[in-house]
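Below is model_28.txt, holding compact mmCIF, C-alpha atoms and all ligand atoms.
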```
# COMPACT_ATOMS: atom_id res chain seq x y z
CA MET A 1 47.22 105.61 108.49
CA THR A 2 50.85 106.62 108.04
CA THR A 3 51.91 109.16 105.41
CA LYS A 4 53.56 106.35 103.52
CA GLY A 5 50.28 104.45 103.46
CA VAL A 6 48.45 107.45 102.08
CA THR A 7 51.07 107.94 99.38
CA GLU A 8 50.90 104.30 98.43
CA GLU A 9 47.15 104.47 98.21
CA MET A 10 47.36 107.55 96.01
CA ASP A 11 49.90 105.76 93.81
CA SER A 12 47.66 102.76 93.35
CA LYS A 13 44.68 105.03 92.52
CA GLU A 14 46.95 106.72 89.99
CA ASN A 15 47.77 103.34 88.49
CA GLU A 16 44.11 102.47 88.13
CA LYS A 17 43.47 105.52 85.99
CA PRO A 18 43.49 104.55 82.31
CA MET A 19 46.56 105.70 80.39
CA LEU A 20 44.58 106.39 77.23
CA ILE A 21 40.91 107.19 76.76
CA LEU A 22 39.26 107.40 73.38
CA LYS A 23 35.87 109.11 73.60
CA ASP A 24 33.38 108.80 70.77
CA ILE A 25 35.89 109.41 68.02
CA HIS A 26 34.60 110.27 64.57
CA LYS A 27 36.67 110.87 61.49
CA PHE A 28 35.45 112.07 58.11
CA TYR A 29 37.47 112.20 54.92
CA GLY A 30 35.22 114.53 52.93
CA SER A 31 31.79 112.99 53.27
CA ASN A 32 33.23 109.53 53.94
CA GLU A 33 32.92 108.68 57.64
CA VAL A 34 35.74 106.21 58.32
CA LEU A 35 35.48 106.21 62.14
CA LYS A 36 31.92 106.23 63.41
CA GLY A 37 32.18 106.65 67.17
CA VAL A 38 35.08 104.72 68.67
CA SER A 39 35.37 104.66 72.48
CA LEU A 40 37.88 102.70 74.55
CA GLU A 41 39.95 102.88 77.72
CA VAL A 42 43.46 101.47 77.67
CA ARG A 43 45.00 100.54 81.01
CA ARG A 44 48.55 101.35 82.07
CA GLY A 45 50.99 98.77 80.76
CA GLU A 46 48.34 97.10 78.66
CA LEU A 47 48.84 95.87 75.11
CA VAL A 48 45.62 96.42 73.20
CA THR A 49 45.28 95.37 69.59
CA PHE A 50 42.90 96.82 67.06
CA VAL A 51 42.18 94.09 64.59
CA GLY A 52 39.88 94.08 61.60
CA PRO A 53 39.76 93.74 57.85
CA SER A 54 41.67 96.10 55.61
CA GLY A 55 40.00 99.50 55.31
CA CYS A 56 38.09 99.34 58.62
CA GLY A 57 39.94 102.38 59.99
CA LYS A 58 42.79 100.99 62.09
CA THR A 59 45.59 103.11 60.66
CA THR A 60 43.40 106.21 60.74
CA LEU A 61 42.74 105.65 64.43
CA LEU A 62 46.43 105.20 65.22
CA ARG A 63 47.33 108.34 63.26
CA LEU A 64 44.68 110.29 65.20
CA ILE A 65 46.14 109.14 68.51
CA GLY A 66 49.64 110.06 67.34
CA GLY A 67 48.50 113.45 66.06
CA PHE A 68 49.27 112.87 62.37
CA THR A 69 45.64 113.28 61.30
CA ASP A 70 42.99 115.70 62.58
CA ILE A 71 40.10 114.33 64.54
CA SER A 72 36.57 115.31 63.31
CA SER A 73 34.92 114.96 66.72
CA GLY A 74 35.48 113.22 70.03
CA ASP A 75 38.32 113.34 72.55
CA ILE A 76 41.67 111.70 73.10
CA ILE A 77 42.80 111.76 76.73
CA LEU A 78 46.38 110.73 77.49
CA ASP A 79 47.21 110.27 81.15
CA GLY A 80 44.43 112.64 82.18
CA GLN A 81 45.23 115.33 79.59
CA ARG A 82 43.16 116.09 76.48
CA ILE A 83 45.61 115.97 73.61
CA ASN A 84 43.35 116.50 70.56
CA ASP A 85 45.04 119.73 69.53
CA LEU A 86 48.66 118.95 70.37
CA PRO A 87 51.08 118.37 67.49
CA PRO A 88 52.73 114.91 67.36
CA ASN A 89 56.03 116.03 68.92
CA LEU A 90 54.27 117.43 71.98
CA ARG A 91 52.27 114.27 72.64
CA ASP A 92 53.77 111.57 74.78
CA THR A 93 53.09 109.01 72.07
CA ARG A 94 55.41 107.43 69.51
CA ILE A 95 54.33 105.64 66.40
CA CYS A 96 56.14 102.87 64.54
CA PHE A 97 54.91 102.97 60.95
CA GLN A 98 54.25 99.90 58.86
CA ASN A 99 57.21 100.68 56.54
CA TYR A 100 59.42 101.63 59.56
CA ALA A 101 60.10 105.11 58.04
CA LEU A 102 63.79 104.91 58.97
CA PHE A 103 66.25 107.51 57.64
CA PRO A 104 68.22 105.68 54.93
CA HIS A 105 71.14 108.12 54.92
CA MET A 106 71.80 107.65 58.65
CA THR A 107 73.40 104.87 60.65
CA VAL A 108 71.51 102.68 63.07
CA ALA A 109 72.73 104.73 66.03
CA GLU A 110 71.80 108.02 64.36
CA ASN A 111 68.32 106.71 63.64
CA VAL A 112 67.80 105.53 67.20
CA GLY A 113 69.18 108.77 68.64
CA TYR A 114 67.32 111.08 66.27
CA GLY A 115 64.52 112.07 68.64
CA LEU A 116 67.01 112.68 71.45
CA LYS A 117 69.05 115.01 69.24
CA ILE A 118 65.92 116.94 68.21
CA ASN A 119 65.13 117.27 71.92
CA LYS A 120 68.61 118.74 72.42
CA TRP A 121 69.99 116.01 74.63
CA PRO A 122 73.76 116.40 75.24
CA LYS A 123 75.95 114.15 73.09
CA ASP A 124 77.23 111.89 75.85
CA LYS A 125 73.72 111.25 77.14
CA ILE A 126 72.51 110.44 73.64
CA ALA A 127 75.37 107.97 73.18
CA ALA A 128 74.58 106.25 76.49
CA ARG A 129 70.85 106.03 75.81
CA VAL A 130 71.40 104.75 72.25
CA ARG A 131 73.75 102.07 73.61
CA GLU A 132 71.12 101.04 76.13
CA LEU A 133 68.39 100.89 73.46
CA LEU A 134 70.52 98.91 71.01
CA GLU A 135 71.34 96.44 73.74
CA MET A 136 67.67 96.10 74.48
CA VAL A 137 66.87 95.11 70.89
CA GLU A 138 70.08 93.05 70.59
CA LEU A 139 71.72 95.26 67.98
CA GLU A 140 74.62 96.54 70.07
CA ALA A 141 77.12 95.55 67.36
CA PHE A 142 75.24 97.37 64.61
CA GLY A 143 75.37 101.02 65.70
CA ASP A 144 77.59 102.14 62.79
CA ARG A 145 75.75 100.17 60.09
CA MET A 146 73.75 101.99 57.43
CA ILE A 147 70.06 101.15 57.39
CA ASP A 148 70.10 99.54 53.92
CA LYS A 149 72.68 97.03 55.14
CA LEU A 150 70.21 95.55 57.61
CA SER A 151 67.73 92.71 57.21
CA GLY A 152 63.99 93.37 57.53
CA GLY A 153 63.92 92.03 61.08
CA GLN A 154 66.86 94.23 62.10
CA GLN A 155 65.21 97.30 60.58
CA GLN A 156 62.07 96.51 62.53
CA ARG A 157 64.16 96.44 65.73
CA VAL A 158 65.76 99.80 64.93
CA ALA A 159 62.31 101.33 64.36
CA PHE A 160 61.17 99.88 67.67
CA ALA A 161 64.23 101.20 69.54
CA ARG A 162 63.78 104.64 67.97
CA ALA A 163 60.13 104.73 69.03
CA LEU A 164 61.12 103.86 72.60
CA SER A 165 64.00 106.34 72.85
CA LEU A 166 62.09 109.10 74.64
CA GLU A 167 60.08 106.70 76.81
CA PRO A 168 56.66 107.60 75.43
CA LYS A 169 53.60 107.00 77.58
CA VAL A 170 51.95 105.16 74.72
CA LEU A 171 53.60 103.23 71.94
CA LEU A 172 51.64 102.97 68.70
CA LEU A 173 52.52 100.09 66.36
CA ASP A 174 50.93 99.90 62.92
CA GLU A 175 51.26 96.40 61.42
CA PRO A 176 54.90 96.30 62.58
CA LEU A 177 55.48 92.75 61.41
CA SER A 178 53.72 92.72 58.06
CA ASN A 179 56.92 93.10 56.00
CA LEU A 180 58.61 90.10 57.59
CA ASP A 181 58.49 86.49 56.48
CA ALA A 182 56.33 84.02 58.39
CA ASN A 183 58.97 82.55 60.74
CA LEU A 184 60.50 85.91 61.62
CA ARG A 185 57.05 87.30 62.35
CA LEU A 186 56.62 84.69 65.05
CA VAL A 187 60.01 85.46 66.60
CA MET A 188 59.53 89.23 66.47
CA ARG A 189 56.05 89.19 67.93
CA GLU A 190 57.36 87.27 70.90
CA GLU A 191 60.22 89.75 71.30
CA ILE A 192 57.91 92.75 71.10
CA ARG A 193 55.59 91.23 73.67
CA LYS A 194 58.46 90.41 76.05
CA LEU A 195 59.94 93.89 75.83
CA GLN A 196 56.53 95.52 76.17
CA GLU A 197 55.88 93.56 79.34
CA ARG A 198 59.35 94.20 80.75
CA LEU A 199 59.12 97.96 80.15
CA HIS A 200 55.45 97.94 81.16
CA ILE A 201 54.76 100.28 78.27
CA THR A 202 51.17 100.95 77.27
CA THR A 203 50.88 99.83 73.67
CA VAL A 204 48.27 100.12 70.95
CA PHE A 205 48.99 97.54 68.28
CA VAL A 206 47.26 97.35 64.92
CA THR A 207 47.09 94.34 62.65
CA HIS A 208 44.76 92.68 60.17
CA ASP A 209 46.16 89.30 61.25
CA GLN A 210 43.78 87.79 63.77
CA PHE A 211 46.23 85.09 64.92
CA GLU A 212 48.97 87.63 65.56
CA ALA A 213 46.44 89.76 67.44
CA MET A 214 45.37 86.88 69.65
CA ALA A 215 48.93 85.79 70.38
CA ILE A 216 50.31 89.16 71.43
CA SER A 217 47.52 91.02 73.22
CA ASP A 218 46.01 91.54 76.64
CA ARG A 219 42.82 92.62 74.91
CA LEU A 220 41.55 92.66 71.36
CA VAL A 221 39.33 95.29 69.83
CA VAL A 222 37.62 93.89 66.76
CA MET A 223 36.69 96.58 64.26
CA LYS A 224 34.52 96.61 61.19
CA ASP A 225 33.63 99.58 58.97
CA GLY A 226 34.78 102.23 61.44
CA LEU A 227 33.04 100.73 64.45
CA ILE A 228 34.11 98.53 67.35
CA GLU A 229 32.32 95.19 67.18
CA GLN A 230 33.67 93.62 70.38
CA VAL A 231 36.34 94.19 73.04
CA GLY A 232 37.71 91.32 75.08
CA THR A 233 40.60 89.04 75.94
CA PRO A 234 41.69 86.73 73.13
CA ILE A 235 39.91 83.83 74.83
CA GLU A 236 36.68 85.79 75.23
CA ILE A 237 36.72 86.86 71.60
CA TYR A 238 37.54 83.40 70.28
CA GLU A 239 35.26 81.38 72.52
CA ARG A 240 32.42 83.82 73.01
CA PRO A 241 32.24 85.95 69.86
CA ALA A 242 29.38 88.45 69.92
CA ASN A 243 28.27 87.86 66.36
CA GLU A 244 28.83 85.93 63.14
CA PHE A 245 31.34 88.39 61.73
CA ILE A 246 33.61 88.11 64.78
CA ALA A 247 33.27 84.33 64.99
CA ALA A 248 34.35 84.01 61.38
CA PHE A 249 37.04 86.68 61.57
CA VAL A 250 39.00 85.17 64.46
CA GLY A 251 39.35 81.70 62.98
CA TYR A 252 37.71 79.04 60.89
CA VAL A 253 34.22 78.23 61.99
CA ASN A 254 31.32 75.96 61.09
CA PHE A 255 27.91 77.48 61.64
CA MET A 256 24.90 75.25 62.17
CA ASP A 257 21.31 76.43 62.45
CA GLY A 258 19.20 75.15 65.29
CA ARG A 259 16.34 75.82 67.66
CA VAL A 260 16.68 75.43 71.42
CA GLU A 261 14.24 72.72 72.42
CA SER A 262 14.94 72.51 76.13
CA ILE A 263 17.31 73.73 78.82
CA ASP A 264 17.63 71.77 82.05
CA PRO A 265 17.70 74.52 84.70
CA ALA A 266 19.85 72.46 87.07
CA THR A 267 22.46 70.90 84.79
CA LYS A 268 22.19 73.38 81.88
CA ASN A 269 22.04 70.38 79.57
CA THR A 270 20.52 71.87 76.45
CA VAL A 271 18.87 70.12 73.54
CA ILE A 272 19.10 71.78 70.16
CA ARG A 273 17.07 70.60 67.20
CA THR A 274 18.99 70.82 63.92
CA GLU A 275 18.35 69.56 60.40
CA PHE A 276 20.57 66.59 61.33
CA GLY A 277 18.63 65.67 64.45
CA LYS A 278 18.97 66.66 68.09
CA LEU A 279 22.31 67.73 69.55
CA GLU A 280 23.04 68.17 73.24
CA ILE A 281 25.32 70.79 74.68
CA ALA A 282 26.28 72.13 78.09
CA LEU A 283 25.01 75.71 77.99
CA GLU A 284 27.57 78.21 79.31
CA GLN A 285 25.82 81.50 78.53
CA ASP A 286 22.74 83.15 80.00
CA ASP A 287 21.39 85.00 76.97
CA ILE A 288 19.74 81.90 75.49
CA GLN A 289 16.21 80.63 76.18
CA THR A 290 14.06 77.71 75.13
CA GLY A 291 12.50 78.40 71.74
CA ASP A 292 15.37 80.63 70.53
CA ASP A 293 16.60 80.24 66.99
CA VAL A 294 20.38 80.00 67.20
CA LEU A 295 23.54 79.61 65.21
CA MET A 296 25.91 77.06 66.71
CA VAL A 297 29.56 78.18 66.47
CA ILE A 298 31.48 74.97 65.94
CA ARG A 299 35.26 75.32 65.74
CA PRO A 300 37.10 72.83 63.48
CA GLU A 301 39.51 71.80 66.25
CA SER A 302 36.67 70.97 68.63
CA VAL A 303 35.13 68.36 66.34
CA SER A 304 36.43 64.81 66.30
CA LEU A 305 36.46 62.55 63.33
CA SER A 306 36.39 58.78 63.19
CA ILE A 307 35.90 56.18 60.56
CA ASP A 308 32.70 54.29 59.85
CA CYS A 309 29.10 54.91 60.74
CA GLY A 310 26.28 53.45 62.69
CA SER A 311 27.46 53.97 66.27
CA ASN A 312 24.27 55.89 67.08
CA ARG A 313 25.95 57.87 69.85
CA GLN A 314 24.67 61.26 70.98
CA ASN A 315 26.06 64.24 69.03
CA VAL A 316 27.53 62.05 66.30
CA LEU A 317 26.67 62.88 62.72
CA CYS A 318 27.47 60.70 59.73
CA GLY A 319 29.05 62.02 56.57
CA THR A 320 31.43 61.50 53.71
CA LEU A 321 34.99 62.73 53.56
CA LYS A 322 35.25 65.22 50.70
CA THR A 323 38.83 66.42 51.08
CA TYR A 324 41.76 65.42 53.28
CA MET A 325 44.69 67.84 53.27
CA TYR A 326 47.69 66.59 55.22
CA ALA A 327 49.84 69.51 56.43
CA GLY A 328 52.24 67.98 58.97
CA SER A 329 51.01 68.98 62.38
CA ILE A 330 47.45 69.03 61.23
CA ALA A 331 45.16 67.57 58.59
CA LYS A 332 42.36 69.78 57.30
CA CYS A 333 39.33 67.72 56.41
CA THR A 334 36.07 68.61 54.76
CA VAL A 335 33.15 66.37 55.54
CA GLY A 336 29.88 66.43 53.65
CA ILE A 337 26.92 65.92 55.95
CA GLY A 338 23.81 65.98 53.81
CA ALA A 339 24.12 69.19 51.81
CA LYS A 340 26.33 70.77 54.49
CA LYS A 341 30.11 70.90 54.50
CA MET A 342 31.94 70.84 57.77
CA ILE A 343 35.61 71.69 58.28
CA VAL A 344 37.36 69.43 60.78
CA ASP A 345 40.97 69.77 62.01
CA GLN A 346 42.66 66.54 62.85
CA TYR A 347 45.73 67.09 65.02
CA ASN A 348 48.84 64.95 64.94
CA PRO A 349 47.58 63.16 61.82
CA ARG A 350 50.67 60.96 61.67
CA ASP A 351 49.56 59.04 64.72
CA ALA A 352 45.87 59.57 64.27
CA GLN A 353 43.81 57.64 61.81
CA GLN A 354 44.41 58.72 58.25
CA PHE A 355 41.50 58.88 55.92
CA GLN A 356 40.77 58.48 52.23
CA ASN A 357 38.49 60.66 50.20
CA ALA A 358 34.97 59.28 50.02
CA ASP A 359 35.35 57.36 53.31
CA ARG A 360 32.22 57.21 55.41
CA VAL A 361 33.05 59.03 58.64
CA GLU A 362 31.55 60.03 61.97
CA VAL A 363 31.77 63.58 63.18
CA GLU A 364 31.32 64.21 66.87
CA ILE A 365 30.04 67.65 67.87
CA PRO A 366 31.42 68.71 71.27
CA ARG A 367 29.22 69.62 74.22
CA SER A 368 30.82 73.01 74.63
CA VAL A 369 29.52 75.07 71.74
CA HIS A 370 28.91 78.80 71.74
CA LEU A 371 25.46 79.88 70.56
CA LEU A 372 24.59 83.07 68.72
CA LYS A 373 21.02 84.17 69.07
CA LYS A 374 19.49 84.82 65.67
CA LYS A 375 18.04 88.25 65.21
CA ILE A 376 14.37 88.15 64.29
N1 LIG B 1 44.10 110.38 53.66
C1 LIG B 1 42.94 109.79 53.33
N2 LIG B 1 42.04 110.43 52.53
C2 LIG B 1 40.86 109.84 52.21
N3 LIG B 1 40.49 108.62 52.63
C3 LIG B 1 41.34 107.93 53.42
C4 LIG B 1 42.60 108.49 53.81
N4 LIG B 1 43.23 107.58 54.61
C5 LIG B 1 42.39 106.53 54.70
N5 LIG B 1 41.26 106.73 54.00
C6 LIG B 1 40.11 105.80 53.93
O1 LIG B 1 39.70 105.50 55.23
C7 LIG B 1 39.32 104.16 55.37
C8 LIG B 1 40.11 103.50 56.48
O2 LIG B 1 41.46 103.42 56.09
P1 LIG B 1 42.59 102.88 57.07
O3 LIG B 1 42.50 103.57 58.36
O4 LIG B 1 43.89 102.97 56.34
O5 LIG B 1 42.17 101.35 57.25
P2 LIG B 1 43.01 100.09 57.79
O6 LIG B 1 44.26 100.58 58.38
O7 LIG B 1 42.09 99.43 58.76
O8 LIG B 1 43.24 99.21 56.59
C9 LIG B 1 39.53 103.53 54.00
O9 LIG B 1 38.30 103.50 53.33
C10 LIG B 1 40.50 104.46 53.33
O10 LIG B 1 40.33 104.43 51.93
MG MG B 2 46.29 100.09 57.94
```

What do you get writing this file as structure tokens?
Ligand SMILES: Nc1ncnc2c1ncn2[C@@H]1O[C@H](COP(=O)(O)OP(=O)(O)O)[C@@H](O)[C@H]1O
Ligand SMILES: [Mg+2]
Amino acid sequence: MTTKGVTEEMDSKENEKPMLILKDIHKFYGSNEVLKGVSLEVRRGELVTFVGPSGCGKTTLLRLIGGFTDISSGDIILDGQRINDLPPNLRDTRICFQNYALFPHMTVAENVGYGLKINKWPKDKIAARVRELLEMVELEAFGDRMIDKLSGGQQQRVAFARALSLEPKVLLLDEPLSNLDANLRLVMREEIRKLQERLHITTVFVTHDQFEAMAISDRLVVMKDGLIEQVGTPIEIYERPANEFIAAFVGYVNFMDGRVESIDPATKNTVIRTEFGKLEIALEQDDIQTGDDVLMVIRPESVSLSIDCGSNRQNVLCGTLKTYMYAGSIAKCTVGIGAKKMIVDQYNPRDAQQFQNADRVEVEIPRSVHLLKKKI
């Protein structure tokens, strides 16, 4: 092997090493344990999002990584180095706070260049780097503006540029979009994702918004009460949630109780007995056996709705339309099936059949349904 080959191999090994490792992190505030053993490896260039309800410990975790809060026990390893005891300015991390924490008495350029000045960069280099950063966030014309003369979206960009100024190894973003209105949130999350991918910067993102989390991330980390519930790609988390909490947290869901009556070993065709009769699904998981009590995770968009009853087809249940809420691209319907209520999303309702309250309807349960094994 040539020297070049060896170097390349070493480089690729280097790239495989995680950029950030969290090892069994605990955090107490007094006797209140708010992080109860959090462990995770974040790959180089990856965007990982911690998502979970308010109070589950997301901000605390981000502050620990950034060095703004002391860790009670556990280790934080950044690019191979244990950084637990380093102050924030000596860590190669930068945090973007939820409220941006910009300096109101400084211009945009002064804000963006602040860290460079503190690090004693020469003036001409600061000016060049600030120009480059402002171009990157499309604010090149705003360098001399005062912060309070900017819109929320522009302030968010300044905070982002400032966080990137010293090329940190890990960028920490705490609910960066929560102060923006709905449309701007969508635009900004796309911009952040594009820039993050272009710069290949390892990013830990925090949000309580499950849709934002799914849209922006390579992987999601779902948290609850100071613990990680599940780690996976957005598709894994949405389609194969590990438990009821996660299934309900990442979107609307209908749960239906059932017992697995049979599984065809060849085709995986699986019969589930429910209070509404037998349903058939194509089993896609290997943790389910005949006889198991299960919860079927039925997503509203996977169910189809049609008018009238009596077709007697497999997987079709009959019910009554309770509510029909037209919302442009989608109609949200509630169907009463016996004592159960099922939420059904009807897409493109303009072209699809429109319904009246109290209509008799058929609800077709899809064959691809995730099953949660009930704990005995
Ligand atoms: N400085 C603090 N002192 C005491 N308790 C705190 C402090 N900061 C956060 N907590 C508590 O820690 C828990 C997690 O808070 P936080 O990390 O802010 O959650 P999240 O960001 O997920 O909403 C909450 O119960 C909160 O009240
Ligand atoms: Mg928070």

Handout entry: Point-to-point distance in Å for atom CA of A:Leu295 and atom CA of A:Gly338
Key =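 Computing it gives 17.8 Å between the two atoms.
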
Do you have, as JSON lines, the list of residues of chain A lying at most 7 Å from ligand MG 2 (chain B), each with its nearest atom pair and that distance in Å to one decimal, counting all atoms listed in the file and ordered by chain then number?
```
{"residue": "A:Ser54", "atom": "CA", "partner": "B:MG2", "partner_atom": "MG", "distance": 6.5}
{"residue": "A:Gly55", "atom": "CA", "partner": "B:MG2", "partner_atom": "MG", "distance": 6.8}
{"residue": "A:Lys58", "atom": "CA", "partner": "B:MG2", "partner_atom": "MG", "distance": 5.5}
{"residue": "A:Thr59", "atom": "CA", "partner": "B:MG2", "partner_atom": "MG", "distance": 4.1}
{"residue": "A:Asp174", "atom": "CA", "partner": "B:MG2", "partner_atom": "MG", "distance": 6.8}
```

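The neighbours of A:Gly251 here are the residues that come within 12 Å of it, using only C-alpha atoms and leaving out any residue fewer than 6 positions away in the same chain; they are Asp209, Gln210, Phe211, Glu212, Ala213, Met214, Pro234, Ile237, Tyr238, Glu239, Pro241, Glu244, Phe245, Val297, Ile298, Arg299, Pro300, Glu301 and Ile343 of chain A.
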
Practice task
Using only C-alpha atoms and all ligand atoms, determine which residues fall within 8 Å of ligand LIG 1 (chain B), then list them as a ChimeraX atom specification.
Solution key: /A:29-30,32-35,51-61,206,208,225-226

Those selected residues, please, written with C-alpha atoms and delivered as a PDB file, keeping the file's coordinate frame.
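Result saved to out_2.pdb:
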```
ATOM      1  CA  TYR A  29      37.470 112.200  54.920  1.00  0.00           C
ATOM      2  CA  GLY A  30      35.220 114.530  52.930  1.00  0.00           C
ATOM      3  CA  ASN A  32      33.230 109.530  53.940  1.00  0.00           C
ATOM      4  CA  GLU A  33      32.920 108.680  57.640  1.00  0.00           C
ATOM      5  CA  VAL A  34      35.740 106.210  58.320  1.00  0.00           C
ATOM      6  CA  LEU A  35      35.480 106.210  62.140  1.00  0.00           C
ATOM      7  CA  VAL A  51      42.180  94.090  64.590  1.00  0.00           C
ATOM      8  CA  GLY A  52      39.880  94.080  61.600  1.00  0.00           C
ATOM      9  CA  PRO A  53      39.760  93.740  57.850  1.00  0.00           C
ATOM     10  CA  SER A  54      41.670  96.100  55.610  1.00  0.00           C
ATOM     11  CA  GLY A  55      40.000  99.500  55.310  1.00  0.00           C
ATOM     12  CA  CYS A  56      38.090  99.340  58.620  1.00  0.00           C
ATOM     13  CA  GLY A  57      39.940 102.380  59.990  1.00  0.00           C
ATOM     14  CA  LYS A  58      42.790 100.990  62.090  1.00  0.00           C
ATOM     15  CA  THR A  59      45.590 103.110  60.660  1.00  0.00           C
ATOM     16  CA  THR A  60      43.400 106.210  60.740  1.00  0.00           C
ATOM     17  CA  LEU A  61      42.740 105.650  64.430  1.00  0.00           C
ATOM     18  CA  VAL A 206      47.260  97.350  64.920  1.00  0.00           C
ATOM     19  CA  HIS A 208      44.760  92.680  60.170  1.00  0.00           C
ATOM     20  CA  ASP A 225      33.630  99.580  58.970  1.00  0.00           C
ATOM     21  CA  GLY A 226      34.780 102.230  61.440  1.00  0.00           C
TER      22      GLY A 226
END
```

Practice task
Do a neighbour search on stretch 72-87 of chain A at 6 Å with all atoms listed in the file, toss out local chain neighbours closer than 5 positions, and write the hits as number ranges by chain.
Solution key: A: 19-27, 67

Per-residue nearest contacts of stretch 5-86 of chain A to stretch 193-205 of chain A (8 Å; only C-alpha atoms) as JSON lines:
```
{"residue": "A:Met19", "atom": "CA", "partner": "A:Thr202", "partner_atom": "CA", "distance": 7.3}
{"residue": "A:Val42", "atom": "CA", "partner": "A:Thr202", "partner_atom": "CA", "distance": 7.7}
{"residue": "A:Arg43", "atom": "CA", "partner": "A:Thr202", "partner_atom": "CA", "distance": 7.2}
{"residue": "A:Arg44", "atom": "CA", "partner": "A:Thr202", "partner_atom": "CA", "distance": 5.5}
{"residue": "A:Gly45", "atom": "CA", "partner": "A:Thr202", "partner_atom": "CA", "distance": 4.1}
{"residue": "A:Glu46", "atom": "CA", "partner": "A:Thr202", "partner_atom": "CA", "distance": 5.0}
{"residue": "A:Leu47", "atom": "CA", "partner": "A:Thr203", "partner_atom": "CA", "distance": 4.7}
{"residue": "A:Val48", "atom": "CA", "partner": "A:Val204", "partner_atom": "CA", "distance": 5.1}
{"residue": "A:Thr49", "atom": "CA", "partner": "A:Phe205", "partner_atom": "CA", "distance": 4.5}
{"residue": "A:Phe50", "atom": "CA", "partner": "A:Phe205", "partner_atom": "CA", "distance": 6.3}
{"residue": "A:Leu62", "atom": "CA", "partner": "A:Val204", "partner_atom": "CA", "distance": 7.9}
```

Practice task
List the neighbours of A:Asn243 out to 12 Å using all atoms listed in the file; skip same-chain residues closer than 6 positions along the sequence, and give me the result as a VMD selection string.
Solution key: chain A and resid 222 224 229 to 230 237 249 to 250 255 294 to 297 370 to 375
